[in-house]
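What follows is a single structure, written as structure tokens, with notes after it.
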Amino acid sequence: MSRDNSQLNKKGYFLIVFLLVNSLTWFLMIRRSIYIVLQGFDVTPQSYIILWGIYDLAIIISGLIGAILSNKIERFTLFYLWIIIGIVFSVPLLFLSSLSSYFLAAILFGGILFGFGFGMPSCLAYFAEQTFIENRGYTGGLIIFLTNAAAPPIILIKDVTLCTIIAIIWRIMGFIMLFLMKPEKGNTVKKEKQQVSFRLILNKNFILYFIPWLMFSLIYGFQRVILEQNIETGFFDFLRTLGAIFGTISAIISGSISDRIGRKHVIIYGFISLGVAYAAVGIVPNNLFSLYLYSVIDGIAWGIFMLMFVLVLWGDLSHLDVQPAEKYYALGSIPFFFGDFIGFLFSSYIWIPLSAAFSVASFFLFLAVLPLMYAPETLPEKLIRRRELRKYVEKAKKIREKYEKQ
């Protein structure tokens with residue numbers, strides 16, 4: 001019996017890793033397709049802002065709807081529906097070769113992104129269930145690493161039809177894998193689905209982590225605009241690429257570290273280091289070293305925050321508070337897309353020198369650490385102590401072996 005459960009866990013573990021990588025890379029392809037399509041339109045800055053605002057809003061609202069429906073629809077049925085919506089809305093993109101209908105493209109992409117957000121809370125909740133808390137950080141880091149590794153080839157695609165075909169085929173592969181790897185009904189443990197309101201989720205533990213994440217997302221939305229306005233385009237793209245490389249590496253390393261010393265410590269280190277980098281740019285804004293330092297630390301911090309605040313933390317909190325994880329993930333994803341929208345919203349209306357912008361941002365980043373001081377550690381204390389003890393015993397054994405040889 002235990003052997004079957006072990007096999008079922010491995011099966012579910014592989015499925016959720018593949019499903020999340022499939023969904024996130026598909027989302028990157030869709031974002032790339034949106035970018036390519038918009039290049040074919042004479043879009044005013046105001047229309048561009050409104051359009052991206054609609055897309056970010058579509059993801060937020062669809063995530064909330066998906067979290068609510070997760071109480072009413074069987075999980076794998078919801079997964080099938082989720083993937084089918086994305087595929088169905090993607091197919092018409094193949095016939096937009098003339099790119100003549102701006103309104104149609106807006107509705108179409110809004111539908112696709114609605115499909116992306118609809119199933120993500122349940123998918124992330126399944127991730128929380130199929131991973132042990134002591135390896136959730138590493139697994140989440142692996143997912144981000146694999147997703148980001150696919151980003152460079154996606155960025156190189158210049159044709160919307162080619163990008164759409166690849167996205168559809170890749171999403172169909174996700175559907176097939178879901179169908180083949182779905183656990184049999186006889187092997188699954190039925191859980192009582194709790195009807196939990198969002199108000200119950202907004203407890204002290206959630207808010208103490210949500211506020212720093214929201215502050216960072218808003219600050220980053222502004223900082224992205226300020227950098228783009230003050231730095232030459234080619235150099236700005238280089239800094240973003242450099243940050244993405246370090247962020248990819250950071251995700252998998254910080255994930256492993258968070259499984260050992262706890263989530264809160266890793267998040268605090270990320271905020272403090274990012275605050276120092278922002279302060280350096282504020283003091284010497286035109287110095288290449290400070291910009292390189294900022295880009296590297298910003299990438300490392302992004303790897304930490306994407307891992308913790310998108311994949312790991314809300315699953316930990318749902319188990320800590322003994323509540324369903326879907327609504328934690330739905331609410332926890334809002335700052336990311338809201339911050340993205342804020343950046344687009346103010347891109348045409350603000351201009352602030354780098355020194356002033358980054359000095360103010362560093363101050364608010366240090367403020368964001370304060371709620372974390374009172375937040376609970378979501379990794380059980382006994383796991384941290386057990387690993388510390390194991391490390392101490394291994395060290396003692398090595399010392400003994402060294403003296404025995406002498």
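Ordering of the structure tokens sets the chain letters (A, B, ...); residue numbers start at 1 within each chain; ligands are numbered from 1 in the order shown.
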
Quiz item: If we count only C-alpha atoms, what is near Ala149 (chain A) at a cut-off of 10 Å, once residues fewer than 4 positions away on the same chain are taken out, given as number ranges by chain?
Solution: A: 25, 143-145, 153-154, 244-245, 248

Just write the chosen residues, C-alpha atoms, as a CSV table (one decimal), in the first residue's frame.
```
chain,number,residue,atom,x,y,z
A,25,THR,CA,5.9,29.2,-20.8
A,143,ILE,CA,10.0,25.4,-12.1
A,144,ILE,CA,11.2,29.0,-12.4
A,145,PHE,CA,14.6,27.9,-13.7
A,153,PRO,CA,14.1,31.3,-27.7
A,154,ILE,CA,10.6,32.8,-27.2
A,244,ALA,CA,17.0,37.7,-15.7
A,245,ILE,CA,20.1,35.5,-15.8
A,248,THR,CA,17.0,32.4,-12.9
```

Excluding Tyr126 (chain A) and its own-chain neighbours fewer than 4 positions away, which residues fall within 12 Å of it when counting only C-alpha atoms? Please give them as a PDB file with C-alpha atoms, in the first residue's frame.
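The resulting file, part_39.pdb, is reproduced below:
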```pdb
ATOM      1  CA  ASN A   9       3.255  11.019  -5.102  1.00  0.00           C
ATOM      2  CA  GLY A  12       1.600  13.857  -9.033  1.00  0.00           C
ATOM      3  CA  TYR A  13       4.951  15.588  -8.455  1.00  0.00           C
ATOM      4  CA  PHE A  14       6.041  15.132 -12.082  1.00  0.00           C
ATOM      5  CA  LEU A  15       2.616  16.185 -13.357  1.00  0.00           C
ATOM      6  CA  ILE A  16       2.473  19.445 -11.422  1.00  0.00           C
ATOM      7  CA  VAL A  17       6.042  20.414 -12.364  1.00  0.00           C
ATOM      8  CA  LEU A  19       1.869  21.499 -15.846  1.00  0.00           C
ATOM      9  CA  LEU A  20       3.234  24.664 -14.254  1.00  0.00           C
ATOM     10  CA  SER A  70     -12.671  25.594  -7.335  1.00  0.00           C
ATOM     11  CA  ARG A  75     -10.148  19.962  -9.837  1.00  0.00           C
ATOM     12  CA  PHE A  76      -9.148  18.028 -12.948  1.00  0.00           C
ATOM     13  CA  LEU A  78     -11.412  22.618 -14.025  1.00  0.00           C
ATOM     14  CA  PHE A  79      -7.905  21.917 -15.385  1.00  0.00           C
ATOM     15  CA  GLY A 119      -6.933  27.837 -13.605  1.00  0.00           C
ATOM     16  CA  MET A 120      -3.734  29.106 -12.011  1.00  0.00           C
ATOM     17  CA  PRO A 121      -4.991  29.242  -8.381  1.00  0.00           C
ATOM     18  CA  SER A 122      -6.082  25.588  -8.560  1.00  0.00           C
ATOM     19  CA  GLN A 130       1.994  17.517  -4.286  1.00  0.00           C
ATOM     20  CA  THR A 131       5.145  18.900  -2.667  1.00  0.00           C
ATOM     21  CA  PHE A 132       6.372  18.388   0.869  1.00  0.00           C
ATOM     22  CA  ARG A 136       8.683  23.063  -1.913  1.00  0.00           C
ATOM     23  CA  LEU A 311       4.803  29.646  -5.808  1.00  0.00           C
ATOM     24  CA  VAL A 312       5.792  28.848  -2.228  1.00  0.00           C
ATOM     25  CA  GLY A 315       0.820  27.254  -0.081  1.00  0.00           C
ATOM     26  CA  PRO A 324      -7.810  25.848   1.044  1.00  0.00           C
ATOM     27  CA  ALA A 325      -4.860  27.206  -0.936  1.00  0.00           C
ATOM     28  CA  GLU A 326      -6.705  28.388  -4.082  1.00  0.00           C
ATOM     29  CA  TYR A 329      -2.863  32.078  -4.451  1.00  0.00           C
TER      30      TYR A 329
END
```

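Checking A:Val310, A:Ile283, A:Leu146, A:Val276 one by one against Ile297 (chain A), counting only C-alpha atoms, you find the shortest gap at A:Val276.
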
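The smallest atom-to-atom distance between Leu180 (chain A) and any of A:Thr378, A:Met215, A:Gln229, A:Lys11, using only C-alpha atoms, is found for A:Lys11.
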
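CA of Phe309 (chain A) sits 27.5 Å away from CA of Met181 (chain A).
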
Exercise. Compile the contact shell of Ala301 (chain A) as a list in words: residues with an atom at most 8 Å away, counting only C-alpha atoms, same-chain residues fewer than 6 positions apart removed.
Key: Gly247, Ser250, Gly270, Phe271, Ser273 and Leu274 of chain A

Could you write out that same residue set with N, CA and C atoms as a PDB file, in the first residue's frame?
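Result file follows (part_4.pdb):
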```
ATOM      1  N   GLY A 247      18.463  36.179 -11.900  1.00  0.00           N
ATOM      2  CA  GLY A 247      17.196  35.796 -11.283  1.00  0.00           C
ATOM      3  C   GLY A 247      16.899  34.322 -11.461  1.00  0.00           C
ATOM      4  N   SER A 250      19.200  32.529  -9.165  1.00  0.00           N
ATOM      5  CA  SER A 250      18.804  32.839  -7.788  1.00  0.00           C
ATOM      6  C   SER A 250      17.610  32.016  -7.337  1.00  0.00           C
ATOM      7  N   GLY A 270      16.470  39.363   0.709  1.00  0.00           N
ATOM      8  CA  GLY A 270      16.187  39.908  -0.612  1.00  0.00           C
ATOM      9  C   GLY A 270      15.822  41.383  -0.553  1.00  0.00           C
ATOM     10  N   PHE A 271      14.976  41.771   0.400  1.00  0.00           N
ATOM     11  CA  PHE A 271      14.563  43.163   0.533  1.00  0.00           C
ATOM     12  C   PHE A 271      15.739  44.055   0.936  1.00  0.00           C
ATOM     13  N   SER A 273      19.049  43.546   0.583  1.00  0.00           N
ATOM     14  CA  SER A 273      20.044  43.656  -0.486  1.00  0.00           C
ATOM     15  C   SER A 273      19.541  44.550  -1.620  1.00  0.00           C
ATOM     16  N   LEU A 274      18.256  44.451  -1.933  1.00  0.00           N
ATOM     17  CA  LEU A 274      17.686  45.292  -2.991  1.00  0.00           C
ATOM     18  C   LEU A 274      17.661  46.754  -2.547  1.00  0.00           C
TER      19      LEU A 274
END
```

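The space separating CA of Leu370 (chain A) from CA of Leu313 (chain A) comes to 17.6 Å.
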
Listing only residues of region 262-353 of chain A within 6 Å of region 357-365 of chain A, what is the closest atom pair and its distance in Å (to one decimal) for each, using only C-alpha atoms, sorted by chain and residue number ascending, as CSV?
```
residue,atom,partner,partner_atom,distance
A:Gly275,CA,A:Ser362,CA,4.5
A:Tyr278,CA,A:Ser362,CA,5.2
A:Ala279,CA,A:Ser359,CA,5.4
A:Gly282,CA,A:Ser359,CA,4.7
```

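Minimum atom-to-atom distance to Met308 (chain A), evaluated using only C-alpha atoms, belongs to A:Ser254 out of A:Ser355, A:Thr161, A:Gln39, A:Ser254.
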
Practice problem: May I ask which of the residues A:Phe198, A:Leu28, A:Phe246, A:Pro183 is the closest one to Pro152 (chain A), counting only C-alpha atoms? | Solution: A:Leu28

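With only C-alpha atoms taken into account, the protein and nucleic acid residues at most 7 Å from region 110-112 of chain A (excluding it and anything under 4 positions from it in its own chain) are Tyr55, Ala58, Gly86, Phe89, Ser90, Ala106 and Phe116 of chain A.
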
Practice problem: Return the single residue from A:Tyr374, A:Phe210, A:Phe127, A:Phe337 that is closest to Gly53 (chain A), with distances computed using only C-alpha atoms. | Solution: A:Phe337

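Take CA of Gly243 (chain A) and CA of Ser217 (chain A): the distance between them is 16.2 Å.
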